[in-house]
>>> print(open('work_7.csv').read())   # CSV, C-alpha atoms
chain,number,residue,atom,x,y,z
X,58,MET,CA,113.7,109.1,102.9
X,59,THR,CA,110.9,109.6,100.4
X,60,THR,CA,111.8,106.6,98.3
X,61,GLU,CA,109.3,103.8,97.9
X,62,LYS,CA,109.2,101.3,100.8
X,63,LYS,CA,107.3,98.2,101.4
X,64,PRO,CA,104.3,98.5,103.7
X,65,LYS,CA,105.4,97.9,107.3
X,66,ASN,CA,103.3,96.2,110.0
X,67,VAL,CA,101.8,99.1,112.0
X,68,PHE,CA,99.9,96.9,114.4
X,69,LYS,CA,101.0,95.9,117.9
X,70,GLU,CA,99.2,93.4,120.1
X,71,GLY,CA,97.6,95.2,123.1
X,72,ALA,CA,98.3,98.7,124.5
X,73,ILE,CA,101.3,100.8,123.5
X,74,SER,CA,103.4,101.2,126.6
X,75,SER,CA,104.9,104.4,127.8
X,76,GLU,CA,108.3,102.6,127.8
X,77,PHE,CA,108.0,101.9,124.1
X,78,ILE,CA,107.1,105.5,123.4
X,79,ALA,CA,110.1,106.7,125.5
X,80,LYS,CA,112.4,104.4,123.7
X,81,SER,CA,111.1,105.7,120.3
X,82,ILE,CA,111.9,109.2,121.3
X,83,ALA,CA,115.4,108.3,122.6
X,84,LYS,CA,116.3,106.5,119.3
X,85,HIS,CA,116.1,109.9,117.6
X,86,GLN,CA,118.9,111.5,119.5
X,87,SER,CA,121.4,110.4,116.9
X,88,LYS,CA,119.3,112.1,114.1
X,89,THR,CA,120.7,115.5,114.7
X,90,ALA,CA,119.1,117.1,111.5
X,91,ILE,CA,115.8,117.0,113.5
X,92,GLY,CA,114.8,120.2,115.2
X,93,ALA,CA,111.2,119.3,116.1
X,94,HIS,CA,109.1,116.2,117.0
X,95,ASN,CA,105.4,116.1,117.3
X,96,ILE,CA,103.6,113.1,118.9
X,97,PHE,CA,99.9,112.1,118.9
X,98,LEU,CA,98.7,109.5,121.5
X,99,GLY,CA,95.3,108.1,121.2
X,100,GLN,CA,94.0,107.0,124.6
X,101,VAL,CA,90.9,104.8,125.3
X,102,ARG,CA,88.3,107.0,127.0
X,103,ALA,CA,85.8,105.7,129.6
X,104,ASP,CA,82.7,106.9,127.8
X,105,LYS,CA,79.4,106.6,129.6
X,106,ILE,CA,76.6,105.3,127.4
X,107,ASP,CA,73.1,104.6,128.7
X,108,GLY,CA,74.4,104.5,132.3
X,109,LYS,CA,77.2,101.9,131.4
X,110,THR,CA,80.9,102.8,131.4
X,111,VAL,CA,83.4,101.6,128.8
X,112,SER,CA,86.1,99.5,130.3
X,113,GLY,CA,88.2,99.0,127.2
X,114,ILE,CA,88.2,98.8,123.4
X,115,GLU,CA,88.9,95.6,121.5
X,116,TYR,CA,90.5,96.4,118.2
X,117,THR,CA,90.3,94.3,115.0
X,118,ALA,CA,91.4,95.2,111.5
X,119,TYR,CA,91.4,94.1,107.9
X,120,LYS,CA,95.2,93.9,108.4
X,121,GLU,CA,96.4,93.6,104.8
X,122,MET,CA,94.3,96.5,103.6
X,123,ALA,CA,95.0,98.6,106.7
X,124,ASN,CA,98.8,98.2,106.4
X,125,ALA,CA,98.5,99.2,102.7
X,126,LYS,CA,96.5,102.3,103.7
X,127,PHE,CA,99.0,103.2,106.4
X,128,HIS,CA,101.7,102.9,103.7
X,129,GLU,CA,99.8,105.2,101.3
X,130,ILE,CA,99.2,107.7,104.1
X,131,ARG,CA,103.0,107.7,104.9
X,132,GLU,CA,103.9,108.3,101.3
X,133,ALA,CA,101.4,111.1,100.9
X,134,THR,CA,102.6,112.7,104.1
X,135,PHE,CA,106.2,112.6,103.1
X,136,SER,CA,105.3,114.2,99.7
X,137,ARG,CA,103.3,117.0,101.3
X,138,PHE,CA,105.5,117.9,104.3
X,139,ASP,CA,109.3,118.3,104.9
X,140,LEU,CA,109.7,115.4,107.3
X,141,THR,CA,112.8,113.6,108.4
X,142,CYS,CA,110.9,110.6,109.7
X,143,MET,CA,107.5,109.2,110.7
X,144,HIS,CA,106.3,106.3,112.8
X,145,ILE,CA,102.8,105.0,113.3
X,146,TYR,CA,101.7,102.2,115.7
X,147,HIS,CA,98.1,101.0,116.3
X,148,SER,CA,96.9,98.5,118.8
X,149,LEU,CA,95.0,95.3,118.0
X,150,GLY,CA,93.2,93.3,120.7
X,151,MET,CA,92.1,94.6,124.0
X,152,VAL,CA,93.2,98.1,125.2
X,153,LYS,CA,91.8,99.2,128.6
X,154,THR,CA,90.6,102.7,129.4
X,155,GLY,CA,93.5,105.0,130.1
X,156,GLU,CA,95.9,103.0,127.9
X,157,ILE,CA,97.3,104.1,124.5
X,158,CYS,CA,96.0,102.6,121.3
X,159,LEU,CA,97.5,104.9,118.7
X,160,PHE,CA,101.0,106.4,118.6
X,161,VAL,CA,102.0,108.7,115.7
X,162,PHE,CA,105.4,110.4,115.7
X,163,VAL,CA,106.6,112.8,113.1
X,164,SER,CA,110.0,114.6,113.0
X,165,SER,CA,111.3,117.5,110.9
X,166,PRO,CA,114.1,120.1,110.9
X,167,ARG,CA,111.4,122.7,111.6
X,168,ARG,CA,108.4,122.9,114.0
X,169,LYS,CA,105.8,124.3,111.6
X,170,GLU,CA,106.0,121.2,109.4
X,171,VAL,CA,105.4,118.7,112.3
X,172,PHE,CA,102.3,120.6,113.5
X,173,LYS,CA,100.6,120.4,110.1
X,174,ALA,CA,101.9,116.9,109.3
X,175,LEU,CA,100.7,115.3,112.5
X,176,GLU,CA,97.1,116.5,112.1
X,177,TYR,CA,97.1,115.4,108.5
X,178,VAL,CA,98.3,111.9,109.4
X,179,VAL,CA,95.8,111.3,112.3
X,180,GLU,CA,92.8,112.5,110.3
X,181,GLU,CA,93.8,110.3,107.3
X,182,ILE,CA,94.1,107.3,109.6
X,183,LYS,CA,90.7,107.9,111.1
X,184,ALA,CA,89.1,108.3,107.6
X,185,LYS,CA,90.9,105.6,105.5
X,186,VAL,CA,92.2,102.7,107.6
X,187,PRO,CA,89.9,99.7,108.1
X,188,VAL,CA,90.2,99.3,111.9
X,189,TYR,CA,87.3,98.5,114.2
X,190,GLY,CA,86.9,99.3,117.8
X,191,LYS,CA,84.5,97.2,120.0
X,192,GLU,CA,83.7,99.2,123.1
X,193,VAL,CA,83.4,96.7,125.9
X,194,PHE,CA,81.4,97.8,129.0
X,195,GLU,CA,82.1,96.9,132.6
X,196,ASP,CA,79.2,94.3,132.5
X,197,SER,CA,80.9,92.6,129.4
X,198,THR,CA,78.2,93.8,127.0
X,199,HIS,CA,79.5,95.8,124.0
X,200,GLN,CA,78.8,98.2,121.2
X,201,TRP,CA,80.8,99.0,118.0
X,202,LYS,CA,82.6,102.3,118.2
X,203,VAL,CA,81.8,105.0,115.5
X,204,ASN,CA,84.4,107.7,114.8
X,205,SER,CA,83.1,111.2,115.2
F,143,MET,CA,84.5,81.7,90.7
F,144,GLN,CA,85.1,80.8,94.4
F,145,LEU,CA,85.0,83.9,96.5
F,146,GLN,CA,86.5,84.4,99.9
F,147,ILE,CA,84.2,86.9,101.6
F,148,LYS,CA,85.5,88.7,104.7
F,149,TYR,CA,83.3,90.3,107.3
F,150,PHE,CA,84.4,92.9,109.8
F,151,GLY,CA,83.1,94.6,112.9
F,152,LEU,CA,79.4,94.3,113.5
F,153,LEU,CA,78.9,92.6,110.2
F,154,ALA,CA,80.7,89.6,111.5
F,155,GLU,CA,78.2,89.4,114.3
F,156,ILE,CA,75.3,89.3,111.7
F,157,THR,CA,76.9,86.7,109.5
F,158,ASN,CA,78.2,84.8,112.6
F,159,CYS,CA,81.6,84.3,110.9
F,160,ASP,CA,84.7,86.3,110.0
F,161,GLN,CA,85.0,84.8,106.5
F,162,GLU,CA,83.4,82.3,104.2
F,163,THR,CA,83.8,80.8,100.8
F,164,LEU,CA,81.0,81.3,98.3
F,165,GLU,CA,80.5,80.1,94.7
F,166,PHE,CA,79.8,83.1,92.5
F,167,SER,CA,78.7,82.9,88.9
F,168,LYS,CA,77.7,86.5,88.2
F,169,SER,CA,79.9,89.5,87.6
F,170,GLN,CA,79.2,92.7,89.6
F,171,VAL,CA,79.5,93.7,93.3
F,172,SER,CA,75.8,94.4,93.2
F,173,ASP,CA,75.1,90.8,92.2
F,174,LEU,CA,77.1,89.5,95.1
F,175,LEU,CA,75.3,91.9,97.5
F,176,LYS,CA,71.9,90.6,96.3
F,177,GLU,CA,73.0,87.0,97.1
F,178,LEU,CA,74.3,88.1,100.5
F,179,TYR,CA,71.1,90.0,101.4
F,180,ILE,CA,69.1,86.8,100.8
F,181,LYS,CA,71.5,84.8,103.0
F,182,TYR,CA,71.7,87.6,105.7
F,183,PRO,CA,68.7,89.9,105.5
F,184,LEU,CA,70.0,92.0,108.4
F,185,LEU,CA,73.0,93.1,106.3
F,186,LYS,CA,70.6,95.2,104.2
F,187,GLN,CA,70.0,97.6,107.1
F,188,LYS,CA,73.7,98.1,107.8
F,189,ASP,CA,76.1,100.8,106.5
F,190,PHE,CA,79.1,99.2,104.8
F,191,LYS,CA,81.5,99.4,101.8
F,192,VAL,CA,82.9,96.7,99.7
F,193,ALA,CA,86.7,96.3,99.1
F,194,GLN,CA,88.5,94.5,96.4
F,195,ASN,CA,92.3,94.4,96.0
F,196,HIS,CA,92.4,96.5,99.3
F,197,GLU,CA,90.5,99.3,97.7
F,198,ILE,CA,86.9,100.4,98.2
F,199,VAL,CA,84.9,99.7,95.0
F,200,SER,CA,81.4,100.7,93.8
F,201,ASN,CA,78.5,98.4,93.5
F,202,ASN,CA,78.7,98.3,89.7
F,203,SER,CA,82.4,97.2,89.7
F,204,ASN,CA,83.2,93.8,88.3
F,205,ILE,CA,84.5,91.2,90.7
F,206,THR,CA,87.9,90.2,89.4
F,207,ASN,CA,89.6,89.2,92.7
F,208,PRO,CA,88.6,86.1,94.8
F,209,GLU,CA,89.0,88.1,98.0
F,210,ILE,CA,86.1,90.5,98.8
F,211,ALA,CA,85.7,92.4,102.1
F,212,LEU,CA,82.7,94.0,103.6
F,213,LEU,CA,83.7,97.0,105.7
F,214,PRO,CA,81.5,98.9,108.1
F,215,PRO,CA,82.4,102.5,109.0
F,216,PHE,CA,86.0,102.6,110.3
F,217,SER,CA,86.7,103.3,114.0
F,218,GLY,CA,90.4,103.2,114.4
F,219,GLY,CA,92.5,105.4,116.7
>>> encode(input="work_7.csv", output="structure tokens")
Amino acid sequence: MTTEKKPKNVFKEGAISSEFIAKSIAKHQSKTAIGAHNIFLGQVRADKIDGKTVSGIEYTAYKEMANAKFHEIREATFSRFDLTCMHIYHSLGMVKTGEICLFVFVSSPRRKEVFKALEYVVEEIKAKVPVYGKEVFEDSTHQWKVNS
Amino acid sequence: MQLQIKYFGLLAEITNCDQETLEFSKSQVSDLLKELYIKYPLLKQKDFKVAQNHEIVSNNSNITNPEIALLPPFSGG
């Protein structure tokens, strides 16, 4: 589980559907060493900026570097925490408000590990992965999102 | 050396392209930035980092890879 693996493609075109998330959970029913899952879902928020409302975020990325960084984050997370498995998916392209753009799923025999691991993974993604969100307003103007 | 320069986020709006090829005869990242600031004066006002071999590098690093990326602050998730 902690052996070296090649970087996977983390990106999915468009929003991450609830069906996809449900199937991911169901796939783990055969892994009976797992006692705890923890899931983070990033959802596009309808921010109001200068009287205009965000209608969606269009994501772009430096894909090769981003997948390499996701891979480094995976390896670091497995070395820090006692995890059975981990899955990360990030959207590219347009994701409308209310839809899911980031799905992080960690599993372990024990609950305490997944609480710590999930926060670590999400914060690392925000800090280290070259992904860009263009906030598109209802009148089709836009601004570039800045992570806070 | 022929460099492939990639621009992301709002930087691609300033340069009006996602990537371009430039002939580069000097050595350091800072030398490249000087040339880019002449071509795109607005870049100078923007916050960004330079990546080579998929890693952020400092301005005094030598350019050894033909692919260079200019990365504004990340906003994933």
>>> residues_near_point(input="work_7.csv", point="(80.5, 93.1, 90.2)", cutoff="12 Å", atoms="only C-alpha atoms", output="mmCIF file with C-alpha atoms, in the coordinates of the input")
data_model
loop_
_atom_site.group_PDB
_atom_site.id
_atom_site.type_symbol
_atom_site.label_atom_id
_atom_site.label_comp_id
_atom_site.auth_asym_id
_atom_site.auth_seq_id
_atom_site.Cartn_x
_atom_site.Cartn_y
_atom_site.Cartn_z
ATOM 1 C CA PHE F 166 79.800 83.100 92.500
ATOM 2 C CA SER F 167 78.700 82.900 88.900
ATOM 3 C CA LYS F 168 77.700 86.500 88.200
ATOM 4 C CA SER F 169 79.900 89.500 87.600
ATOM 5 C CA GLN F 170 79.200 92.700 89.600
ATOM 6 C CA VAL F 171 79.500 93.700 93.300
ATOM 7 C CA SER F 172 75.800 94.400 93.200
ATOM 8 C CA ASP F 173 75.100 90.800 92.200
ATOM 9 C CA LEU F 174 77.100 89.500 95.100
ATOM 10 C CA LEU F 175 75.300 91.900 97.500
ATOM 11 C CA LYS F 176 71.900 90.600 96.300
ATOM 12 C CA GLU F 177 73.000 87.000 97.100
ATOM 13 C CA VAL F 192 82.900 96.700 99.700
ATOM 14 C CA ALA F 193 86.700 96.300 99.100
ATOM 15 C CA GLN F 194 88.500 94.500 96.400
ATOM 16 C CA VAL F 199 84.900 99.700 95.000
ATOM 17 C CA SER F 200 81.400 100.700 93.800
ATOM 18 C CA ASN F 201 78.500 98.400 93.500
ATOM 19 C CA ASN F 202 78.700 98.300 89.700
ATOM 20 C CA SER F 203 82.400 97.200 89.700
ATOM 21 C CA ASN F 204 83.200 93.800 88.300
ATOM 22 C CA ILE F 205 84.500 91.200 90.700
ATOM 23 C CA THR F 206 87.900 90.200 89.400
ATOM 24 C CA ASN F 207 89.600 89.200 92.700
ATOM 25 C CA PRO F 208 88.600 86.100 94.800
ATOM 26 C CA ILE F 210 86.100 90.500 98.800
#
>>> atom_distance(input="work_7.csv", atom1="atom CA of Glu195 of chain X", atom2="atom CA of Glu70 of chain X")
21.5 Å
>>> interface_residues(input="work_7.csv", of="chain F", to="chain X", cutoff="8 Å", atoms="only C-alpha atoms", output="number ranges by chain")
F: 150-152, 196-197, 213, 215-219
>>> atom_distance(input="work_7.csv", atom1="atom CA of Met143 of chain F", atom2="atom CA of Ile156 of chain F")
24.2 Å
>>> atom_distance(input="work_7.csv", atom1="atom CA of Gly113 of chain X", atom2="atom CA of Glu155 of chain F")
18.9 Å
>>> residues_around(input="work_7.csv", residues="Tyr182 of chain F", least_positions_apart="4", cutoff="8 Å", atoms="all atoms listed in the file", output="VMD selection string")
chain F and resid 156 to 157 178 186
>>> residues_around(input="work_7.csv", residues="Arg131 of chain X", least_positions_apart="3", cutoff="10 Å", atoms="all atoms listed in the file", output="tab-separated table (two decimals) with C-alpha atoms, keeping the file's coordinate frame")
chain	number	residue	atom	x	y	z
X	59	THR	CA	110.90	109.60	100.40
X	62	LYS	CA	109.20	101.30	100.80
X	64	PRO	CA	104.30	98.50	103.70
X	125	ALA	CA	98.50	99.20	102.70
X	126	LYS	CA	96.50	102.30	103.70
X	127	PHE	CA	99.00	103.20	106.40
X	128	HIS	CA	101.70	102.90	103.70
X	134	THR	CA	102.60	112.70	104.10
X	135	PHE	CA	106.20	112.60	103.10
X	136	SER	CA	105.30	114.20	99.70
X	137	ARG	CA	103.30	117.00	101.30
X	142	CYS	CA	110.90	110.60	109.70
X	143	MET	CA	107.50	109.20	110.70
X	144	HIS	CA	106.30	106.30	112.80
X	145	ILE	CA	102.80	105.00	113.30
X	178	VAL	CA	98.30	111.90	109.40
X	181	GLU	CA	93.80	110.30	107.30
>>> residues_around(input="work_7.csv", residues="Asp104 of chain X", least_positions_apart="2", cutoff="12 Å", atoms="only C-alpha atoms", output="PDB file with C-alpha atoms, in the coordinates of the input")
ATOM      1  CA  GLN X 100      94.000 107.000 124.600  1.00  0.00           C
ATOM      2  CA  VAL X 101      90.900 104.800 125.300  1.00  0.00           C
ATOM      3  CA  ARG X 102      88.300 107.000 127.000  1.00  0.00           C
ATOM      4  CA  ILE X 106      76.600 105.300 127.400  1.00  0.00           C
ATOM      5  CA  ASP X 107      73.100 104.600 128.700  1.00  0.00           C
ATOM      6  CA  GLY X 108      74.400 104.500 132.300  1.00  0.00           C
ATOM      7  CA  LYS X 109      77.200 101.900 131.400  1.00  0.00           C
ATOM      8  CA  THR X 110      80.900 102.800 131.400  1.00  0.00           C
ATOM      9  CA  VAL X 111      83.400 101.600 128.800  1.00  0.00           C
ATOM     10  CA  SER X 112      86.100  99.500 130.300  1.00  0.00           C
ATOM     11  CA  GLY X 113      88.200  99.000 127.200  1.00  0.00           C
ATOM     12  CA  ILE X 114      88.200  98.800 123.400  1.00  0.00           C
ATOM     13  CA  LYS X 153      91.800  99.200 128.600  1.00  0.00           C
ATOM     14  CA  THR X 154      90.600 102.700 129.400  1.00  0.00           C
ATOM     15  CA  GLY X 155      93.500 105.000 130.100  1.00  0.00           C
ATOM     16  CA  GLU X 192      83.700  99.200 123.100  1.00  0.00           C
ATOM     17  CA  VAL X 193      83.400  96.700 125.900  1.00  0.00           C
ATOM     18  CA  PHE X 194      81.400  97.800 129.000  1.00  0.00           C
ATOM     19  CA  GLU X 195      82.100  96.900 132.600  1.00  0.00           C
ATOM     20  CA  GLN X 200      78.800  98.200 121.200  1.00  0.00           C
ATOM     21  CA  LYS X 202      82.600 102.300 118.200  1.00  0.00           C
TER      22      LYS X 202
END
>>> residues_around(input="work_7.csv", residues="Lys148 of chain F", least_positions_apart="6", cutoff="9 Å", atoms="all atoms listed in the file", output="PDB file with C-alpha atoms, keeping the file's coordinate frame")
ATOM      1  CA  TYR X 119      91.400  94.100 107.900  1.00  0.00           C
TER       2      TYR X 119
ATOM      3  CA  ALA F 154      80.700  89.600 111.500  1.00  0.00           C
ATOM      4  CA  CYS F 159      81.600  84.300 110.900  1.00  0.00           C
ATOM      5  CA  ASP F 160      84.700  86.300 110.000  1.00  0.00           C
ATOM      6  CA  GLN F 161      85.000  84.800 106.500  1.00  0.00           C
ATOM      7  CA  GLU F 162      83.400  82.300 104.200  1.00  0.00           C
ATOM      8  CA  THR F 163      83.800  80.800 100.800  1.00  0.00           C
ATOM      9  CA  GLU F 209      89.000  88.100  98.000  1.00  0.00           C
ATOM     10  CA  ILE F 210      86.100  90.500  98.800  1.00  0.00           C
ATOM     11  CA  ALA F 211      85.700  92.400 102.100  1.00  0.00           C
ATOM     12  CA  LEU F 212      82.700  94.000 103.600  1.00  0.00           C
ATOM     13  CA  LEU F 213      83.700  97.000 105.700  1.00  0.00           C
TER      14      LEU F 213
END
